[in-house]
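Chemist: Take a look at the following structure, please.
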Amino acid sequence: MKMLTNRLLLAILILSLMGCSNGSKSGTNGGNSQSDVEEVTLKVFNFKVEMSEQLDQLVERYESEHPEVNIVIETCGGGCDYSTALKTKFSSGDKPDIFFVAGYNDLNIWFDHLEDLSNQPWVKDIADIAKEPMTKEGKVYGMPLNIEGWGYIYNKELFQQAGITKLPKTLSELRAAAKQLDEAGITPFINGYGEWLILGNHLLNIAFAQQDDPEEYIDSLKKGNESIPNNKTFNDWVHLLDLTLEYGQPNPLQTDYNTQVTSFAAGQAAMIQQGNWIQLQLLKLHPDMEYGFLPMPINDDKEAMDRLPIGVPNYWVVHKNSKVKEEAKEFLNWMVTSEIGKRYIVEEFKFIPALDTIPPDKDKLGPLAADLLEYIENDKTIPWLWQRYPGYEVNTSQMASVMQAYISHEITKAEMLKQFQRIWVEQSEEES
């Protein structure tokens, strides 16, 4: 009986000691334990559907190094209108901690929600081309995502099959190449005109960017001192649109982004109006395909036409009222300063870096970025301008709808240009 009592007392003592030991993990002396670390959640609203898989992988690497941080990414893709979706999130109270803003007028739209990032260590490294769009009153409000460009991406094998040995740089040369492709039984263009971004942002940008002084023209247009219908460059630009329709696939308004890219990758057309953002998709769909960039000429001035529109698509920004904004800034800084983050930007995202501390590697970036870098190095670029339009993408989406009406033969060329003018007058008045 005495032995049993001693054993019972010993068991109670052991259990008591175990209880004290476990309790110390959540007490003041257990500060280094996992349970003591308060987990924070960062919400990221991503607009780059092309890199969503790679971004998820990068986030996993960050979380492995920072177990106290949980990053939740929502990607706006598959025809999603990012600007509208972002406004909906803010109006519903579902405000992301990190999101994207395009700069210039988009900066003005979102300015009251943005954290000043001027004191971040990467600010001094921003490339010259990327500084102005997200700078206001001497302060920087966004970290540039990357440098991008677009034009006509052409299939080198199909050009060779058609016997095209000289790459077209002017409108007449592009027409001759399209005719040669057509006669060889090859569809020259696959047009994704079901997507308003392709029309209103990218294609229409050429008409503004090829003005003698694009920024001055836009300012004069806002003030009512310029006219779109009477502008020679705009009238030249319509010739390019007509050329793509004449030598494009039937029913271009029924072709969306994914159909356009997959059709091109399958060799169903020789040219596609897109940018280096489709590099990852092309590598996945057709890793052995050879392709490169052509300019988008609107006349036969070879020197002026042999240029590509190059700029910064968007900027990472931090919501200034976020409860986890310091963690958000830490994540962005890690992404562009850590070896893992820098490797992902170049090798996995295939991004042309917008920070001078991340060197571009043409071999790792792919052929599209390599072509863009060559155009940049030779100073053969034209600007991205829709970020400067009054109303930003409210403007471009309306003008895209007008273009779609022209493509479907509902309105004439004169009516299209007249409606462009009306939209600009209305948006300029609203902005002022």
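Ligands are numbered from 1 in the order shown, residues from 1 within each chain, and chains are lettered A, B, ... in the order they appear in the structure tokens.
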Quick one: residues within 10 Å of region 115-124 of chain A, only C-alpha atoms counted, chain neighbours fewer than 6 positions away excluded, as a count of residues only?
Modeler: 27
Chemist: As a count of residues only, please: every residue in region 118-179 of chain A that a backbone DSSP assignment puts in strand (DSSP E or B).
Modeler: 16
Chemist: Given only C-alpha atoms as the basis, pick out the residue of A:Phe159, A:Phe293, A:Tyr406, A:Tyr344 nearest to Val59 (chain A).
Modeler: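 Selected residue with least distance to Val59 (chain A): A:Tyr344.
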Chemist: Give me the region 302-421 of chain A side of the contact with region 145-155 of chain A, cut-off 6 Å, one line per residue showing its nearest atom pair and distance in Å at one decimal, counting only C-alpha atoms, sorted by chain and residue number, as CSV.
Modeler:
residue,atom,partner,partner_atom,distance
A:Pro309,CA,A:Gly149,CA,5.5
A:Ile310,CA,A:Gly149,CA,4.2
A:Gly311,CA,A:Ile147,CA,5.5
A:Val312,CA,A:Ile147,CA,4.8
A:Asn314,CA,A:Leu145,CA,5.8
A:Tyr315,CA,A:Leu145,CA,5.2
A:Phe351,CA,A:Asn146,CA,5.8
A:Ile352,CA,A:Ile147,CA,5.2
A:Pro353,CA,A:Asn146,CA,5.1
A:Ala354,CA,A:Asn146,CA,4.9
Chemist: Which residues, written as an MDAnalysis selection string, have at least one atom at most 12 Å from Gln161 (chain A), with only C-alpha atoms counted and residues fewer than 3 positions away on the same chain left out?
Modeler: chainID A and resid 155:158 164:165 177 180:186 267 270
Chemist: Could you check which of A:Arg61, A:Arg175, A:Lys222, A:Lys89 is closest to Tyr389 (chain A), using only C-alpha atoms?
Modeler: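 With only C-alpha atoms as the atom set, the closest residue is A:Lys222.
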Chemist: From the list A:Gln260, A:Gln249, A:Asn225, A:Thr170, which residue is nearest Met296 (chain A) when using only C-alpha atoms?
Modeler: A:Thr170
Chemist: Calculate how many Å separate CA of Pro313 (chain A) from CA of Asp300 (chain A), rounding to one decimal.
Modeler: 28.6 Å
Chemist: Using only C-alpha atoms, find the one residue out of A:Ala400, A:Ala178, A:Ile340, A:Val238 that sits nearest to Ile190 (chain A).
Modeler: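 That would be A:Ala178, the residue with the smallest distance to Ile190 (chain A).
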Chemist: Of the residues A:Ile345, A:Leu243, A:Ile298, A:Ala369, which is the one nearest to Leu58 (chain A), using only C-alpha atoms?
Modeler: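 Looking at the shortest contact to Leu58 (chain A), the residue is A:Ile345.
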Chemist: Measure the distance from CA of Leu171 (chain A) to CA of Leu417 (chain A) in Å and round it to one decimal.
Modeler: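 CA of Leu417 (chain A) lies at a distance of 20.4 Å from CA of Leu171 (chain A).
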Chemist: Would you mind listing what lies within 9 Å of region 211-218 of chain A as a ChimeraX atom specification, with only C-alpha atoms counted and same-chain residues fewer than 4 positions away left out?
Modeler: /A:206-207,222-223,225-226,233-234,383,385,388-389
Chemist: Could you pull out the alpha helix (DSSP H) residues of region 84-269 of chain A from DSSP and send them as an MDAnalysis selection string?
Modeler: chainID A and resid 84:92 105:110 128:131 156:161 171:183 196 205:209 214:223 232:246 257:265
Chemist: Could you tell me how far CA of Val394 (chain A) sits from CA of Val425 (chain A), in Å to one decimal place?
Modeler: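 Between CA of Val425 (chain A) and CA of Val394 (chain A) the gap works out to 13.1 Å.
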